[in-house]
$ cat coords27.cif   # mmCIF, C-alpha atoms
data_run
loop_
_atom_site.label_atom_id
_atom_site.label_comp_id
_atom_site.auth_asym_id
_atom_site.auth_seq_id
_atom_site.Cartn_x
_atom_site.Cartn_y
_atom_site.Cartn_z
CA MET A 131 10.71 25.65 -3.73
CA LYS A 132 7.08 26.65 -3.28
CA ALA A 133 3.82 24.85 -4.01
CA ASP A 134 0.31 25.93 -3.02
CA PHE A 135 -1.22 23.15 -0.94
CA GLY A 136 -3.93 25.39 0.52
CA GLN A 137 -6.48 24.24 -2.06
CA VAL A 138 -6.09 20.60 -0.97
CA ALA A 139 -5.69 21.24 2.78
CA LYS A 140 -8.94 19.44 3.67
CA GLY A 141 -7.95 16.45 1.56
CA TYR A 142 -4.53 16.31 3.23
CA ALA A 143 -6.16 16.33 6.64
CA LEU A 144 -8.60 13.54 5.76
CA TYR A 145 -6.67 11.27 3.41
CA ARG A 146 -2.93 11.64 4.09
CA ASN A 147 -2.86 10.37 7.66
CA ASP A 148 -1.54 6.97 6.63
CA LEU A 149 1.54 6.30 8.77
CA THR A 150 1.66 3.57 11.39
CA GLU A 151 3.56 3.32 14.66
CA GLU A 152 5.92 0.91 12.90
CA ILE A 153 7.91 3.94 11.83
CA PHE A 154 9.14 4.35 15.40
CA ARG A 155 9.93 0.67 15.88
CA GLY A 156 12.34 0.89 12.96
CA LEU A 157 13.97 3.96 14.47
CA GLU A 158 14.17 2.40 17.93
CA LEU A 159 15.99 -0.61 16.46
CA ARG A 160 18.62 1.87 15.33
CA GLY A 161 18.89 3.50 18.74
CA ILE A 162 16.74 6.54 17.94
CA ASN A 163 14.01 7.59 20.37
CA PHE A 164 12.32 10.91 20.96
CA ARG A 165 11.30 11.00 24.61
CA GLY A 166 12.26 14.35 26.07
CA ARG A 167 13.97 15.48 22.86
CA SER A 168 13.25 18.73 21.03
CA VAL A 169 12.27 18.17 17.39
CA ALA A 170 11.67 20.60 14.51
CA ASP A 171 9.37 18.96 11.96
CA LEU A 172 9.90 20.75 8.63
CA GLY A 173 7.05 20.87 6.12
CA ALA A 174 4.72 19.63 8.86
CA GLY A 175 1.59 19.87 6.71
CA THR A 176 -1.47 18.85 8.70
CA GLY A 177 0.71 17.60 11.55
CA VAL A 178 0.72 13.86 10.85
CA LEU A 179 4.32 13.28 11.94
CA SER A 180 4.33 16.16 14.46
CA ARG A 181 1.53 14.55 16.46
CA MET A 182 3.15 11.12 16.32
CA LEU A 183 6.43 12.59 17.57
CA GLN A 184 4.63 14.30 20.45
CA GLU A 185 2.96 11.00 21.34
CA GLN A 186 6.47 9.53 21.52
CA GLY A 187 7.35 12.12 24.16
CA ALA A 188 9.10 14.71 21.98
CA VAL A 189 8.77 18.47 22.36
CA VAL A 190 7.73 19.32 18.80
CA THR A 191 7.73 22.47 16.71
CA GLY A 192 6.00 21.98 13.36
CA VAL A 193 7.24 24.33 10.63
CA GLU A 194 4.77 24.82 7.78
CA PRO A 195 4.43 27.65 5.20
CA SER A 196 0.74 27.01 4.43
CA ALA A 197 -1.62 28.73 6.86
CA GLU A 198 -4.44 26.53 5.53
CA LEU A 199 -2.56 23.33 6.39
CA ILE A 200 -1.73 24.65 9.87
CA ARG A 201 -5.40 25.45 10.43
CA GLU A 202 -6.32 21.85 9.56
CA ALA A 203 -3.50 20.58 11.79
CA LYS A 204 -4.83 22.52 14.78
CA LEU A 205 -8.36 21.23 14.22
CA ILE A 206 -7.08 17.65 14.27
CA ASP A 207 -4.95 18.44 17.35
CA GLN A 208 -8.07 19.63 19.17
CA GLU A 209 -9.95 16.45 18.27
CA CYS A 210 -7.01 14.38 19.55
CA GLY A 211 -6.58 16.42 22.73
CA MET A 212 -3.11 17.53 21.65
CA ASP A 213 -1.40 20.90 21.37
CA VAL A 214 1.51 20.93 18.92
CA ASP A 215 3.35 24.22 18.46
CA TYR A 216 3.28 25.30 14.78
CA VAL A 217 5.32 28.04 13.12
CA ASN A 218 4.00 29.52 9.87
CA ARG A 219 7.39 29.75 8.11
CA TYR A 220 9.31 28.12 5.29
CA ALA A 221 11.79 25.35 6.13
CA GLU A 222 14.56 27.45 4.59
CA ASP A 223 13.94 30.25 7.10
CA THR A 224 12.31 28.84 10.23
CA GLY A 225 13.05 31.75 12.58
CA LEU A 226 13.79 29.17 15.28
CA PRO A 227 16.63 29.68 17.78
CA GLY A 228 20.03 28.33 16.82
CA HIS A 229 21.52 25.08 18.14
CA SER A 230 18.36 24.33 20.12
CA PHE A 231 16.99 21.11 18.59
CA ASP A 232 18.03 17.50 19.09
CA ALA A 233 16.47 16.39 15.81
CA VAL A 234 15.06 17.78 12.59
CA THR A 235 12.54 15.72 10.62
CA ALA A 236 10.91 16.04 7.21
CA LEU A 237 8.17 13.71 5.98
CA ARG A 238 7.16 13.75 2.28
CA ALA A 239 8.48 17.29 2.02
CA TRP A 240 12.22 17.40 1.26
CA HIS A 241 11.70 17.51 -2.51
CA TRP A 242 9.83 20.79 -2.14
CA PHE A 243 12.70 22.50 -0.30
CA ASP A 244 15.66 24.41 -1.69
CA GLY A 245 18.28 21.83 -0.74
CA PRO A 246 21.37 23.91 0.08
CA THR A 247 19.35 26.60 1.88
CA VAL A 248 17.35 24.21 4.06
CA LEU A 249 20.51 22.27 4.94
CA LYS A 250 22.15 25.46 6.18
CA GLU A 251 19.04 26.16 8.25
CA ALA A 252 18.94 22.61 9.64
CA LYS A 253 22.63 22.96 10.53
CA ARG A 254 21.88 26.25 12.28
CA ILE A 255 19.03 25.01 14.48
CA LEU A 256 20.44 21.54 15.27
CA ARG A 257 22.69 20.88 18.22
CA PRO A 258 26.08 19.29 17.42
CA GLY A 259 25.52 15.57 16.86
CA GLY A 260 21.80 16.09 16.30
CA ASP A 261 19.78 13.85 13.98
CA LEU A 262 18.38 14.80 10.58
CA LEU A 263 15.69 12.34 9.51
CA ILE A 264 14.38 12.67 5.96
CA MET A 265 11.43 10.41 5.23
CA ASP A 266 9.40 9.69 2.15
CA SER A 267 6.40 7.42 1.76
CA GLY A 268 3.74 6.60 -0.77
CA PHE A 269 1.90 3.90 -2.63
CA VAL A 270 3.87 1.31 -4.57
CA SER A 271 3.59 1.45 -8.35
CA ALA A 272 3.54 -2.36 -8.69
CA ASP A 273 0.17 -2.59 -6.92
CA PRO A 274 -2.47 -3.54 -9.56
CA VAL A 275 -4.96 -0.88 -8.42
CA VAL A 276 -2.20 1.73 -8.58
CA GLN A 277 -1.12 0.58 -12.05
CA GLU A 278 -4.65 0.96 -13.42
CA THR A 279 -5.03 4.30 -11.66
CA ILE A 280 -1.79 5.72 -13.08
CA ALA A 281 -2.69 4.53 -16.60
CA HIS A 282 -6.00 6.39 -16.33
CA LEU A 283 -4.38 9.56 -14.97
CA ARG A 284 -1.77 9.58 -17.75
CA LYS A 285 -4.61 9.85 -20.26
CA ALA A 286 -6.56 12.40 -18.24
CA ILE A 287 -3.63 14.73 -17.49
CA PRO A 288 -0.96 13.96 -20.13
CA GLY A 289 2.56 15.06 -19.31
CA ARG A 290 1.80 15.70 -15.65
CA ILE A 291 2.59 12.27 -14.17
CA LYS A 292 6.16 12.80 -13.06
CA PRO A 293 8.12 13.15 -9.83
CA ALA A 294 7.31 16.25 -7.81
CA GLY A 295 9.50 19.19 -6.91
CA ARG A 296 13.27 18.64 -7.10
CA LYS A 297 12.77 14.96 -7.85
CA ALA A 298 11.67 15.91 -11.35
CA ASP A 299 15.21 17.09 -12.14
CA SER A 300 16.86 13.78 -11.23
CA THR A 301 17.43 10.80 -13.52
CA GLN A 302 18.57 8.31 -10.90
CA SER A 303 17.43 7.57 -7.35
CA ILE A 304 18.47 5.41 -4.43
CA SER A 305 15.51 4.20 -2.39
CA SER A 306 13.31 7.10 -3.60
CA PHE A 307 15.99 9.77 -2.99
CA PRO A 308 17.80 11.40 -5.95
CA VAL A 309 21.48 10.43 -6.02
CA GLU A 310 22.48 14.10 -6.09
CA TRP A 311 21.05 14.62 -2.62
CA PHE A 312 23.60 12.30 -0.99
CA ALA A 313 26.51 14.48 -2.09
CA GLU A 314 24.51 17.56 -1.10
CA TRP A 315 23.96 16.24 2.43
CA GLN A 316 27.64 15.35 2.83
CA SER A 317 28.89 18.69 1.50
CA HIS A 318 26.81 20.50 4.12
CA GLY A 319 28.26 18.55 7.02
CA PHE A 320 25.75 15.74 7.48
CA ASP A 321 27.07 12.19 7.81
CA LEU A 322 24.92 9.38 6.44
CA LYS A 323 24.24 6.87 9.23
CA GLU A 324 21.71 4.64 7.53
CA LEU A 325 19.29 4.35 4.62
CA TYR A 326 16.44 1.87 4.91
CA ASN A 327 12.81 1.24 3.97
CA GLU A 328 9.76 -0.53 5.38
CA SER A 329 6.61 -1.83 3.70
CA TYR A 330 3.07 -1.31 4.95
CA THR A 331 -0.48 -1.32 3.58
CA VAL A 332 -3.25 1.26 3.78
CA ALA A 333 -6.95 0.40 3.42
CA PHE A 334 -9.07 2.53 1.07
CA THR A 335 -12.63 2.34 -0.13
CA LEU A 336 -13.14 3.29 -3.75
CA ASP A 337 -14.26 6.75 -2.64
CA THR A 338 -11.42 7.39 -0.18
CA TRP A 339 -8.85 6.16 -2.72
CA CYS A 340 -10.11 8.72 -5.22
CA GLU A 341 -10.09 11.45 -2.55
CA ARG A 342 -6.49 10.50 -1.74
CA LEU A 343 -5.57 10.85 -5.41
CA LYS A 344 -7.00 14.37 -5.52
CA THR A 345 -4.25 15.47 -3.08
CA LEU A 346 -1.39 14.37 -5.36
CA SER A 347 1.03 16.99 -6.62
CA TRP A 348 -0.03 16.07 -10.17
CA MET A 349 -3.46 17.52 -9.34
CA LEU A 350 -2.38 20.82 -7.77
CA HIS A 351 -2.73 22.80 -11.00
CA LEU A 352 -6.34 21.67 -11.48
CA GLU A 353 -9.53 23.23 -10.13
CA GLU A 354 -11.65 21.15 -7.77
CA GLY A 355 -14.23 20.58 -10.50
CA GLU A 356 -11.57 19.18 -12.84
CA ARG A 357 -10.20 16.87 -10.14
CA LYS A 358 -13.70 15.61 -9.41
CA GLN A 359 -14.40 15.01 -13.10
CA ILE A 360 -11.26 12.87 -13.44
CA MET A 361 -12.15 10.83 -10.35
CA ASP A 362 -15.73 10.35 -11.57
CA SER A 363 -14.36 8.83 -14.77
CA LEU A 364 -11.85 6.66 -12.87
CA LYS A 365 -14.30 5.09 -10.41
CA PRO A 366 -16.25 2.96 -12.93
CA ASP A 367 -13.00 1.56 -14.35
CA LEU A 368 -11.67 0.54 -10.94
CA SER A 369 -15.04 -0.86 -9.86
CA ARG A 370 -15.30 -2.95 -13.01
CA LEU A 371 -11.77 -4.36 -12.66
CA PHE A 372 -11.42 -4.72 -8.90
CA GLY A 373 -14.92 -4.42 -7.46
CA ASP A 374 -16.42 -1.85 -5.13
CA ARG A 375 -14.60 -3.10 -2.05
CA THR A 376 -11.84 -2.17 0.37
CA TYR A 377 -8.49 -1.93 -1.39
CA GLU A 378 -5.35 -2.83 0.56
CA ILE A 379 -2.85 -0.60 -1.22
CA ASP A 380 0.84 -1.42 -0.79
CA HIS A 381 2.96 1.48 0.48
CA LYS A 382 6.63 1.92 1.29
CA LEU A 383 8.37 4.18 3.80
CA HIS A 384 11.91 5.34 2.97
CA VAL A 385 14.14 6.79 5.68
CA VAL A 386 17.50 8.56 5.55
CA TRP A 387 19.19 9.03 8.92
CA LEU A 388 21.91 11.71 8.95
CA LYS A 389 24.03 13.14 11.75
CA ASN A 390 25.02 16.75 12.19
CA ALA A 391 28.78 16.23 12.04
#

$ encode --input "coords27.cif" --output "structure tokens"
Amino acid sequence: MKADFGQVAKGYALYRNDLTEEIFRGLELRGINFRGRSVADLGAGTGVLSRMLQEQGAVVTGVEPSAELIREAKLIDQECGMDVDYVNRYAEDTGLPGHSFDAVTALRAWHWFDGPTVLKEAKRILRPGGDLLIMDSGFVSADPVVQETIAHLRKAIPGRIKPAGRKADSTQSISSFPVEWFAEWQSHGFDLKELYNESYTVAFTLDTWCERLKTLSWMLHLEEGERKQIMDSLKPDLSRLFGDRTYEIDHKLHVVWLKNA
């Protein structure tokens, strides 16, 4: 499935870099490390996970269909003194050599993929026994600031506040992942090893919170001027209710660990 993230590439680069190193502590507890391993990071975006994997000692190839997102990723890489290899391809057709990767990862991207096609491609590029790690993360709806924000957005863009991509077609989920995906993974030869989640918080000012919101999939159909207008109307409401301060927004990371059987 395709979505045009080019128009929010700058926002992704600035306001979606919200993961912590805790992600790797959880994986290490389960016997997963990346030092010296080759990893294909599907839907790499601006390289958030790709860079973190490289810092963990992995040899990383980031696969991303948006040239604009790759351009932002390379700019950040330069600032960080890093050099991740990016491939401007879709996850369903990476063009990467077969049976050459120890792990395949996808962060906040699996719902945009064509499930059966990308699973065949992951199977093709993974070595036997390789790991498939599908991760999702985002702010928690129970957070009071989030609740007020969502209520405002529902009025501003009625009918648009719904799960993105393939998640919109599902009526039931397990830890953020549609139940249908579990059967899909199994039918394509991937064994479920573990499903778990971890909580974390991200600090936002009022301005950076609104900039983060402008990168949501719900906003992709809007022009920049429309997104700005909605945020300009939201800011006074949040400031009145919660003050013009730093907001510690609750987030949750969901991880599915699968093995190439």

$ resolve_selection --input "coords27.cif" --expression "the PyMOL selection byres ((chain A and resi 299-314) around 12)" --output "PyMOL selection string"
chain A and resi 238-250+264-270+292-298+315-328+382-388

$ residues_around --input "coords27.cif" --residues "segment 193-209 of chain A" --least-positions-apart "2" --cutoff "6 Å" --atoms "all atoms listed in the file" --output "number ranges by chain"
A: 136, 139, 171-177, 211-213, 216-220

$ atom_distance --input "coords27.cif" --atom1 "atom CA of Lys253 of chain A" --atom2 "atom CA of Gly225 of chain A"
13.2 Å

$ resolve_selection --input "coords27.cif" --expression "the PyMOL selection byres ((chain A and resi 233) around 8)" --output "list in words"
Arg167, Ser168, Val169, Ala170, Phe231, Asp232, Val234, Thr235, Leu256, Gly260, Asp261, Leu262 and Leu263 of chain A

$ write_last_selection --input "coords27.cif" --atoms "C-alpha atoms" --output "mmCIF file, keeping the file's coordinate frame"
data_model
loop_
_atom_site.group_PDB
_atom_site.id
_atom_site.type_symbol
_atom_site.label_atom_id
_atom_site.label_comp_id
_atom_site.auth_asym_id
_atom_site.auth_seq_id
_atom_site.Cartn_x
_atom_site.Cartn_y
_atom_site.Cartn_z
ATOM 1 C CA ARG A 167 13.970 15.480 22.860
ATOM 2 C CA SER A 168 13.250 18.730 21.030
ATOM 3 C CA VAL A 169 12.270 18.170 17.390
ATOM 4 C CA ALA A 170 11.670 20.600 14.510
ATOM 5 C CA PHE A 231 16.990 21.110 18.590
ATOM 6 C CA ASP A 232 18.030 17.500 19.090
ATOM 7 C CA VAL A 234 15.060 17.780 12.590
ATOM 8 C CA THR A 235 12.540 15.720 10.620
ATOM 9 C CA LEU A 256 20.440 21.540 15.270
ATOM 10 C CA GLY A 260 21.800 16.090 16.300
ATOM 11 C CA ASP A 261 19.780 13.850 13.980
ATOM 12 C CA LEU A 262 18.380 14.800 10.580
ATOM 13 C CA LEU A 263 15.690 12.340 9.510
#

$ atom_distance --input "coords27.cif" --atom1 "atom CA of Val275 of chain A" --atom2 "atom CA of Met361 of chain A"
13.9 Å

$ atom_distance --input "coords27.cif" --atom1 "atom CA of Arg342 of chain A" --atom2 "atom CA of Val214 of chain A"
24.5 Å

$ resolve_selection --input "coords27.cif" --expression "the PyMOL selection byres ((chain A and resi 359) around 12)" --output "list of chain:residue names"
A:Leu283, A:Ala286, A:Ile287, A:Cys340, A:Glu341, A:Lys344, A:Met349, A:Leu352, A:Glu353, A:Glu354, A:Gly355, A:Glu356, A:Arg357, A:Lys358, A:Ile360, A:Met361, A:Asp362, A:Ser363, A:Leu364, A:Lys365

$ decode --input "coords27.cif" --residues "segment 355-390 of chain A" --atoms "N, CA and C atoms" --output "PDB file, in the first residue's frame"
ATOM      1  N   GLY A 355      -1.137  24.616   4.762  1.00  0.00           N
ATOM      2  CA  GLY A 355      -1.918  25.713   5.338  1.00  0.00           C
ATOM      3  C   GLY A 355      -3.077  25.221   6.178  1.00  0.00           C
ATOM      4  N   GLU A 356      -3.733  24.140   5.728  1.00  0.00           N
ATOM      5  CA  GLU A 356      -4.844  23.567   6.485  1.00  0.00           C
ATOM      6  C   GLU A 356      -4.354  22.950   7.784  1.00  0.00           C
ATOM      7  N   ARG A 357      -3.223  22.237   7.717  1.00  0.00           N
ATOM      8  CA  ARG A 357      -2.666  21.646   8.937  1.00  0.00           C
ATOM      9  C   ARG A 357      -2.308  22.729   9.949  1.00  0.00           C
ATOM     10  N   LYS A 358      -1.707  23.796   9.464  1.00  0.00           N
ATOM     11  CA  LYS A 358      -1.332  24.898  10.354  1.00  0.00           C
ATOM     12  C   LYS A 358      -2.561  25.539  10.977  1.00  0.00           C
ATOM     13  N   GLN A 359      -3.618  25.719  10.198  1.00  0.00           N
ATOM     14  CA  GLN A 359      -4.841  26.329  10.715  1.00  0.00           C
ATOM     15  C   GLN A 359      -5.437  25.493  11.844  1.00  0.00           C
ATOM     16  N   ILE A 360      -5.440  24.173  11.679  1.00  0.00           N
ATOM     17  CA  ILE A 360      -5.972  23.293  12.722  1.00  0.00           C
ATOM     18  C   ILE A 360      -5.132  23.394  13.990  1.00  0.00           C
ATOM     19  N   MET A 361      -3.802  23.407  13.835  1.00  0.00           N
ATOM     20  CA  MET A 361      -2.927  23.501  15.003  1.00  0.00           C
ATOM     21  C   MET A 361      -3.072  24.860  15.703  1.00  0.00           C
ATOM     22  N   ASP A 362      -3.253  25.914  14.918  1.00  0.00           N
ATOM     23  CA  ASP A 362      -3.427  27.250  15.507  1.00  0.00           C
ATOM     24  C   ASP A 362      -4.703  27.333  16.331  1.00  0.00           C
ATOM     25  N   SER A 363      -5.708  26.557  15.969  1.00  0.00           N
ATOM     26  CA  SER A 363      -6.942  26.539  16.757  1.00  0.00           C
ATOM     27  C   SER A 363      -6.832  25.609  17.958  1.00  0.00           C
ATOM     28  N   LEU A 364      -5.936  24.605  17.869  1.00  0.00           N
ATOM     29  CA  LEU A 364      -5.761  23.657  18.979  1.00  0.00           C
ATOM     30  C   LEU A 364      -4.931  24.259  20.109  1.00  0.00           C
ATOM     31  N   LYS A 365      -3.924  25.016  19.773  1.00  0.00           N
ATOM     32  CA  LYS A 365      -2.982  25.524  20.789  1.00  0.00           C
ATOM     33  C   LYS A 365      -3.659  26.272  21.927  1.00  0.00           C
ATOM     34  N   PRO A 366      -4.573  27.208  21.662  1.00  0.00           N
ATOM     35  CA  PRO A 366      -5.208  27.917  22.791  1.00  0.00           C
ATOM     36  C   PRO A 366      -5.974  26.993  23.723  1.00  0.00           C
ATOM     37  N   ASP A 367      -6.615  25.961  23.158  1.00  0.00           N
ATOM     38  CA  ASP A 367      -7.363  25.013  23.993  1.00  0.00           C
ATOM     39  C   ASP A 367      -6.433  24.255  24.935  1.00  0.00           C
ATOM     40  N   LEU A 368      -5.334  23.741  24.390  1.00  0.00           N
ATOM     41  CA  LEU A 368      -4.384  22.990  25.213  1.00  0.00           C
ATOM     42  C   LEU A 368      -3.725  23.895  26.251  1.00  0.00           C
ATOM     43  N   SER A 369      -3.382  25.113  25.849  1.00  0.00           N
ATOM     44  CA  SER A 369      -2.743  26.050  26.781  1.00  0.00           C
ATOM     45  C   SER A 369      -3.674  26.398  27.931  1.00  0.00           C
ATOM     46  N   ARG A 370      -4.947  26.586  27.619  1.00  0.00           N
ATOM     47  CA  ARG A 370      -5.930  26.917  28.653  1.00  0.00           C
ATOM     48  C   ARG A 370      -6.110  25.764  29.634  1.00  0.00           C
ATOM     49  N   LEU A 371      -6.151  24.533  29.133  1.00  0.00           N
ATOM     50  CA  LEU A 371      -6.416  23.367  29.979  1.00  0.00           C
ATOM     51  C   LEU A 371      -5.182  22.848  30.712  1.00  0.00           C
ATOM     52  N   PHE A 372      -4.027  22.903  30.041  1.00  0.00           N
ATOM     53  CA  PHE A 372      -2.836  22.248  30.590  1.00  0.00           C
ATOM     54  C   PHE A 372      -1.649  23.189  30.782  1.00  0.00           C
ATOM     55  N   GLY A 373      -1.784  24.429  30.352  1.00  0.00           N
ATOM     56  CA  GLY A 373      -0.697  25.379  30.499  1.00  0.00           C
ATOM     57  C   GLY A 373       0.285  25.302  29.344  1.00  0.00           C
ATOM     58  N   ASP A 374       1.042  26.364  29.201  1.00  0.00           N
ATOM     59  CA  ASP A 374       2.072  26.410  28.150  1.00  0.00           C
ATOM     60  C   ASP A 374       3.370  25.916  28.769  1.00  0.00           C
ATOM     61  N   ARG A 375       3.509  24.611  28.844  1.00  0.00           N
ATOM     62  CA  ARG A 375       4.613  23.979  29.555  1.00  0.00           C
ATOM     63  C   ARG A 375       5.099  22.772  28.762  1.00  0.00           C
ATOM     64  N   THR A 376       6.040  22.049  29.328  1.00  0.00           N
ATOM     65  CA  THR A 376       6.491  20.800  28.713  1.00  0.00           C
ATOM     66  C   THR A 376       5.506  19.684  29.065  1.00  0.00           C
ATOM     67  N   TYR A 377       5.031  18.996  28.055  1.00  0.00           N
ATOM     68  CA  TYR A 377       4.107  17.885  28.252  1.00  0.00           C
ATOM     69  C   TYR A 377       4.872  16.563  28.173  1.00  0.00           C
ATOM     70  N   GLU A 378       4.731  15.740  29.206  1.00  0.00           N
ATOM     71  CA  GLU A 378       5.309  14.401  29.194  1.00  0.00           C
ATOM     72  C   GLU A 378       4.229  13.439  28.690  1.00  0.00           C
ATOM     73  N   ILE A 379       4.282  13.145  27.404  1.00  0.00           N
ATOM     74  CA  ILE A 379       3.232  12.353  26.768  1.00  0.00           C
ATOM     75  C   ILE A 379       3.572  10.862  26.853  1.00  0.00           C
ATOM     76  N   ASP A 380       2.637  10.096  27.401  1.00  0.00           N
ATOM     77  CA  ASP A 380       2.839   8.640  27.504  1.00  0.00           C
ATOM     78  C   ASP A 380       2.807   7.986  26.125  1.00  0.00           C
ATOM     79  N   HIS A 381       3.769   7.105  25.884  1.00  0.00           N
ATOM     80  CA  HIS A 381       3.862   6.346  24.637  1.00  0.00           C
ATOM     81  C   HIS A 381       3.989   4.865  24.969  1.00  0.00           C
ATOM     82  N   LYS A 382       3.748   4.038  23.976  1.00  0.00           N
ATOM     83  CA  LYS A 382       3.944   2.599  24.143  1.00  0.00           C
ATOM     84  C   LYS A 382       4.572   2.026  22.878  1.00  0.00           C
ATOM     85  N   LEU A 383       5.553   1.155  23.095  1.00  0.00           N
ATOM     86  CA  LEU A 383       6.204   0.418  22.016  1.00  0.00           C
ATOM     87  C   LEU A 383       5.688  -1.013  22.012  1.00  0.00           C
ATOM     88  N   HIS A 384       5.240  -1.485  20.855  1.00  0.00           N
ATOM     89  CA  HIS A 384       4.760  -2.857  20.688  1.00  0.00           C
ATOM     90  C   HIS A 384       5.722  -3.595  19.762  1.00  0.00           C
ATOM     91  N   VAL A 385       6.098  -4.809  20.137  1.00  0.00           N
ATOM     92  CA  VAL A 385       7.066  -5.577  19.366  1.00  0.00           C
ATOM     93  C   VAL A 385       6.557  -6.983  19.112  1.00  0.00           C
ATOM     94  N   VAL A 386       6.638  -7.421  17.856  1.00  0.00           N
ATOM     95  CA  VAL A 386       6.392  -8.813  17.490  1.00  0.00           C
ATOM     96  C   VAL A 386       7.725  -9.385  17.008  1.00  0.00           C
ATOM     97  N   TRP A 387       8.142 -10.480  17.617  1.00  0.00           N
ATOM     98  CA  TRP A 387       9.372 -11.155  17.211  1.00  0.00           C
ATOM     99  C   TRP A 387       8.985 -12.471  16.537  1.00  0.00           C
ATOM    100  N   LEU A 388       9.356 -12.584  15.271  1.00  0.00           N
ATOM    101  CA  LEU A 388       9.051 -13.775  14.462  1.00  0.00           C
ATOM    102  C   LEU A 388      10.345 -14.383  13.935  1.00  0.00           C
ATOM    103  N   LYS A 389      10.306 -15.683  13.714  1.00  0.00           N
ATOM    104  CA  LYS A 389      11.458 -16.401  13.167  1.00  0.00           C
ATOM    105  C   LYS A 389      11.129 -16.954  11.782  1.00  0.00           C
ATOM    106  N   ASN A 390      12.094 -16.814  10.886  1.00  0.00           N
ATOM    107  CA  ASN A 390      11.958 -17.410   9.564  1.00  0.00           C
ATOM    108  C   ASN A 390      12.116 -18.929   9.702  1.00  0.00           C
TER     109      ASN A 390
END
